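See below for the structure under consideration.
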There are 2 protein chains.
Amino acid sequence: MDAAELWKRYCQYLCRVESLDLSLDISRMHFDEGFLASMEPGMQRAFAEMNELERGGIANPDEQRMVGHYWLRAPQLAPTHEIAKEISATLDAVKKFAANVHAGKIKPATAPCFAHVLAIGIGGSALGPMFVADALGNPSADSMQMHFIDNTDPDGIARVLDILEERLPEVLCIVTSKSGGTPDTRNGMVLVADAYRAAGLQFARHAVAITMPGSHLDQLAQSEKWLARFPMFDWVGGRTSELSAVGLLPAALQGIDVDAMLAGAAMCDAVTRVHETRRNPAALMALMWYAATGGKGQKDLVVLPYKDRLLLFSRYLQQLVMESLGKQLDLDGRRVEQGLAVYGNKGSTDQHAFVQQLRDGVNNFFVTFIRVLEAGGAPTEVEPGITAGDYLHGFLLGTREALYGNDRQSMTITVPRVEPRTVGALIALFERAVGFYASLVHINAYHQPGVEAGKKAAAAVLSLQAKAVAALSGTPQTAEQIAAAIGAGPSVETVFWVLEHLTANGKAKMARAAESPLTRFTRA
Amino acid sequence: MDAAELWKRYCQYLCRVESLDLSLDISRMHFDEGFLASMEPGMQRAFAEMNELERGGIANPDEQRMVGHYWLRAPQLAPTHEIAKEISATLDAVKKFAANVHAGKIKPATAPCFAHVLAIGIGGSALGPMFVADALGNPSADSMQMHFIDNTDPDGIARVLDILEERLPEVLCIVTSKSGGTPDTRNGMVLVADAYRAAGLQFARHAVAITMPGSHLDQLAQSEKWLARFPMFDWVGGRTSELSAVGLLPAALQGIDVDAMLAGAAMCDAVTRVHETRRNPAALMALMWYAATGGKGQKDLVVLPYKDRLLLFSRYLQQLVMESLGKQLDLDGRRVEQGLAVYGNKGSTDQHAFVQQLRDGVNNFFVTFIRVLEAGGAPTEVEPGITAGDYLHGFLLGTREALYGNDRQSMTITVPRVEPRTVGALIALFERAVGFYASLVHINAYHQPGVEAGKKAAAAVLSLQAKAVAALSGTPQTAEQIAAAIGAGPSVETVFWVLEHLTANGKAKMARAAESPLTRFTRA
């Protein structure tokens, strides 16, 4: 297609959302009118299924749950008055709590005010808060400074605590766990509570819980009289919880306008409820994913925002997209092994990293550029008439063109600037595209059965570890002997790995032989 | 395969490097002895080609260059005495400069010492230094605090400067650009120099250049009398420059033991020079990449280190692997569109993000786990007898097992701890695996011809922008009219995008019409 035809195609398919000043360009994706027409029945089914979901139908059949993240920004649409009230009351409580912390009405015992937030959570309880904190924060101006613990790595936890050490008296700690039983988060909490104790502080006077009412965490927070407890809802999944208390509380504490985030999401929801495919950017995105991947995840989605603030967006989307769409079975129980792999960091930085492969190498991806119109920062000219922001924009266009010139597909989302409204809208846009795509390929986007197997296997490893420790003695034994002694003969490899780990951490001694089966272990 | 057979396979194929206390487990990859035998002639060719490269042959034929990153940690192997001397002299200069900065012998004019490093660079001049700073840093104990500018985003640059504002008198600024002409880096430098000026400081008294001798940047640094200049070499590519001055200077300033990093890399180089495939972990890795992807990049490489400090390793590897292997043509000029896509963050965090898809969804990847034996941090028990680190290790094993149970492949690299020696070894291990794999698939791993197209297109966009600005007037004109007026009729779409960008940045005014071709622009 020559440049004139491309301009025509650009104008023909541009989907512009006036209310958000947001647009989606799909002209550089491979599809034609025939494709859109052929997909229209499926797309209309997706609209109908989304309607049903928003009305409170059981959209997650495996877990017999409603799926209600869209109500979080439009409580009036919730299926019951009780749910609407819960949403509004939580939002009010979040804003009031943040205002009281900022005003020093809620304050620590040994410092004049809380100046730092330490958020402990993992997965959906970390990725959204981390993305938003980085996208919308300005460390020198934020109301509070943000810190995160998102793993059960004691060294990683120690490093965060080390930075906070002297400031611990003014650190507010949020513990977020929907079930209240996620071990990674519980472990972080235990180590952090220890650090408060070591500093002569009462953890409970610094702690806030975000969890399902009645969970173990909720009960703990209640019994220890933590500063506050905020609810998570059965009908909001972790990966779509950014606009629940999970994301709103840390954002409000940081000083981010959470009402604007919610309004941006609500506006995006409104325009993506339209059943006219060509005017619905979420529908078009889902269709383009289908066109690019054959509806089978045959290409990866590379996310390239040309803006430092959106660096963590692709990591956020990895969870939203891959955990939602990466499914073994479809809704009829057929084995489909669906999915859509997501990666990317930011432009133009990634041009100096992996765009070489995108342009020249294996053609197993399509790009979603995010174009931010306002450059921000200093308007300094780096050459006569040209700013650093002009370069950034020029690089985006140049890469889009170079990829297209070599038969590589891309979409471009254009937004005016990175502000709370835009971030809310981008989250809502991808949430709905994921929902539509799941309908198109007939899968449940709202469960995650595949993570159980790893959790169960990990629990078995810890149980083996305890038995292996007990079986160690002063007499050198091989892993095979120890495995046999603890009745875990078939798991000898796991026992061997566990013994290596125990040795490295001072709980066993090892005389390593060249052949692993001959390596012997004793009590430390 | 049952557990007993897997244990046998694990023992059979385990590649353990005694000197580094490092091992590579390939038992969960799909291959058999027949595969290794069939690849042996190709592997031996790869060894021979690597020998040739290390001896100073023209290993990058397109650019007629030697490829010498292995000499950086073994100058005695350099093909000429002059090169060996350059390497040693640079290392000495780096260490001496860092020692002088730490001792306050090299100090700023208006503060007692340099306490912060601001490193400006992109691609190979940023990814390695950022990875190493995060992997080996301990902010509360480091000699200097590290900050990075790695993009031409004025907002991103402003945010970094904002954090440093009051500390600018004690900020040492490193500008790294091999050619000295990378616009992203130049733009960062211009904005940073402006900030120093605005603070009443002389940028030159805070600035250090790392660049090719004689480059534009080198000349600038010389004429302005910067604090120091360190050389980059024609025979070291950006993506393999971490163990040149590019990576060593920031690391030394941070207080990291650069000799230990170099020693780790040198030891890994020594063991991966062995021509006995089964004892060479880099050779086995390259062969596993081949086995998994059919030698055609048909699966993605997912990097999952179970350790917070290694979070940025996958981003570092994205460049090293994808820029090296993502090639259109093979060495005979045949169109092959090679590559190997890389993504991943860290475990167990990613288990709560995208492992759902890895286990259940589209089977288009293989995992490389990185297992760190020492847990570090506090040995606090989170349950009787169990630490947070035991959980981390258990999750790795559990996920490896759950993936294998569903026919997903993985490798595991085990290292004792994250320390300078390990980091140097990991870098060297992947560098050599990339080189071997390139030989196996017969491509040039050391050039990046594909990035030129995007750069050229970007330059054309900036040139169009200048003309479009000049063509704006008080009379409303459409993009088509402006494009015609500046003799860029076919590029009307680019002109339209540029005009939108100019409008958002105060350099044009727009009366947007529902139809893009009818949108009109005037002078601001």
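Within each chain, counting starts at residue 1; across the structure tokens, chains are named A, B, ... in the order shown, with ligands numbered 1 upward in that order.
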Can you list every residue of chain A that has an atom at most 6 Å from chain B, with its nearest atom pair and the distance in Å to one decimal, using only C-alpha atoms, ordered by chain then number, as a Markdown table?
| residue | atom | partner | partner_atom | distance |
| --- | --- | --- | --- | --- |
| A:Ala3 | CA | B:Pro490 | CA | 5.5 |
| A:Ala4 | CA | B:Pro490 | CA | 5.7 |
| A:Trp7 | CA | B:Glu493 | CA | 5.3 |
| A:Gly123 | CA | B:His352 | CA | 4.5 |
| A:Ser140 | CA | B:Ile163 | CA | 5.9 |
| A:Asn151 | CA | B:Thr349 | CA | 5.5 |
| A:Thr152 | CA | B:Ala388 | CA | 5.4 |
| A:Asp153 | CA | B:Gly389 | CA | 5.8 |
| A:Pro154 | CA | B:Gly377 | CA | 4.6 |
| A:Asp155 | CA | B:Gly377 | CA | 4.0 |
| A:Gly156 | CA | B:Asp308 | CA | 5.3 |
| A:Ala158 | CA | B:Gly377 | CA | 5.2 |
| A:Ile163 | CA | B:Ser140 | CA | 5.9 |
| A:Asn187 | CA | B:Ala388 | CA | 5.7 |
| A:Asp308 | CA | B:Gly156 | CA | 5.3 |
| A:Gln319 | CA | B:Ala353 | CA | 4.2 |
| A:Met322 | CA | B:Phe354 | CA | 5.3 |
| A:Glu323 | CA | B:Phe354 | CA | 5.2 |
| A:Gly326 | CA | B:Gln357 | CA | 3.8 |
| A:Lys327 | CA | B:Gly361 | CA | 4.6 |
| A:Gln328 | CA | B:Asp360 | CA | 4.7 |
| A:Glu337 | CA | B:Gly361 | CA | 4.2 |
| A:Gln338 | CA | B:Gly361 | CA | 4.8 |
| A:Gly339 | CA | B:Gly361 | CA | 5.2 |
| A:Thr349 | CA | B:Asn151 | CA | 5.5 |
| A:His352 | CA | B:Gly123 | CA | 4.5 |
| A:Ala353 | CA | B:Gln319 | CA | 4.3 |
| A:Phe354 | CA | B:Glu323 | CA | 5.2 |
| A:Gln356 | CA | B:Gly450 | CA | 4.9 |
| A:Gln357 | CA | B:Gly326 | CA | 3.8 |
| A:Arg359 | CA | B:Gly450 | CA | 6.0 |
| A:Asp360 | CA | B:Gln328 | CA | 4.7 |
| A:Gly361 | CA | B:Gly326 | CA | 4.1 |
| A:Val362 | CA | B:Glu337 | CA | 4.9 |
| A:Leu373 | CA | B:His501 | CA | 5.4 |
| A:Glu374 | CA | B:Ala504 | CA | 5.3 |
| A:Gly376 | CA | B:Asp155 | CA | 4.7 |
| A:Gly377 | CA | B:Asp155 | CA | 4.0 |
| A:Val382 | CA | B:Asn187 | CA | 6.0 |
| A:Ala388 | CA | B:Thr152 | CA | 5.4 |
| A:Gly389 | CA | B:Asp153 | CA | 5.8 |
| A:Leu392 | CA | B:Thr152 | CA | 5.8 |
| A:Gly394 | CA | B:Ala458 | CA | 4.8 |
| A:Phe395 | CA | B:Ala458 | CA | 5.0 |
| A:Gly398 | CA | B:Ala458 | CA | 4.2 |
| A:Thr399 | CA | B:Gly454 | CA | 4.6 |
| A:Ala402 | CA | B:Gly454 | CA | 5.1 |
| A:Gly450 | CA | B:Gln356 | CA | 4.9 |
| A:Val451 | CA | B:Gln356 | CA | 5.3 |
| A:Ala453 | CA | B:Ala402 | CA | 5.6 |
| A:Gly454 | CA | B:Thr399 | CA | 4.6 |
| A:Ala457 | CA | B:Gly398 | CA | 4.4 |
| A:Ala458 | CA | B:Gly398 | CA | 4.2 |
| A:Val461 | CA | B:Gly394 | CA | 5.5 |
| A:Pro490 | CA | B:Ala3 | CA | 5.5 |
| A:Glu493 | CA | B:Trp7 | CA | 5.2 |
| A:His501 | CA | B:Leu373 | CA | 5.4 |
| A:Ala504 | CA | B:Glu374 | CA | 5.3 |
| A:Asn505 | CA | B:Glu374 | CA | 5.7 |
Item to check | Contacts of B:Ala46 within 9 Å, only C-alpha atoms, excl. fewer than 5 positions in-chain, as a list of chain:residue names | outcome: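 Close residues of B:Ala46: B:Pro41, B:Asn51, B:Ala283, B:Gly435, B:Phe436, B:Tyr437, B:Ala438, B:Ser439, B:Leu440.
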Next on the checklist: Can you pull out the residues contacting B:Trp226? Cut-off 12 Å, using only C-alpha atoms, and skip same-chain residues under 5 positions away; I want them as a list of chain:residue names.
Outcome noted: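 Near neighbours after the sequence-gap exclusion: B:Ile106, B:Pro108, B:Leu172, B:Cys173, B:Ile174, B:Val175, B:Gln202, B:Phe203, B:Ala204, B:Arg205, B:His206, B:Ala207, B:Val208, B:Ala209, B:Ile210, B:Leu217, B:Asp218, B:Gln219, B:Leu220, B:Ala221.
Going from atom CA of A:Gly34 over to atom CA of A:Phe430, you cover 24.8 Å.
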Checklist entry - Looking only at the backbone, which of the residues in stretch 107-141 of chain B does DSSP tag as alpha helix (DSSP H), as JSON, numbers by chain? => result {"B": [127, 128, 129, 130, 131, 132, 133, 134, 135, 136]}
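Atom pair atom CA of B:Ala119 / atom CA of B:Pro169: separated by 15.4 Å.
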Next on the checklist: Run DSSP on the backbone and tell me which residues of stretch 84-180 of chain A come out as strand (DSSP E or B); list them as a list in words.
Outcome noted: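 Put together, the selection reads His116, Val117, Leu118, Ala119, Ile120, Gln145, Met146, His147, Phe148, Ile149, Val171, Leu172, Cys173, Ile174, Val175 and Thr176 of chain A.
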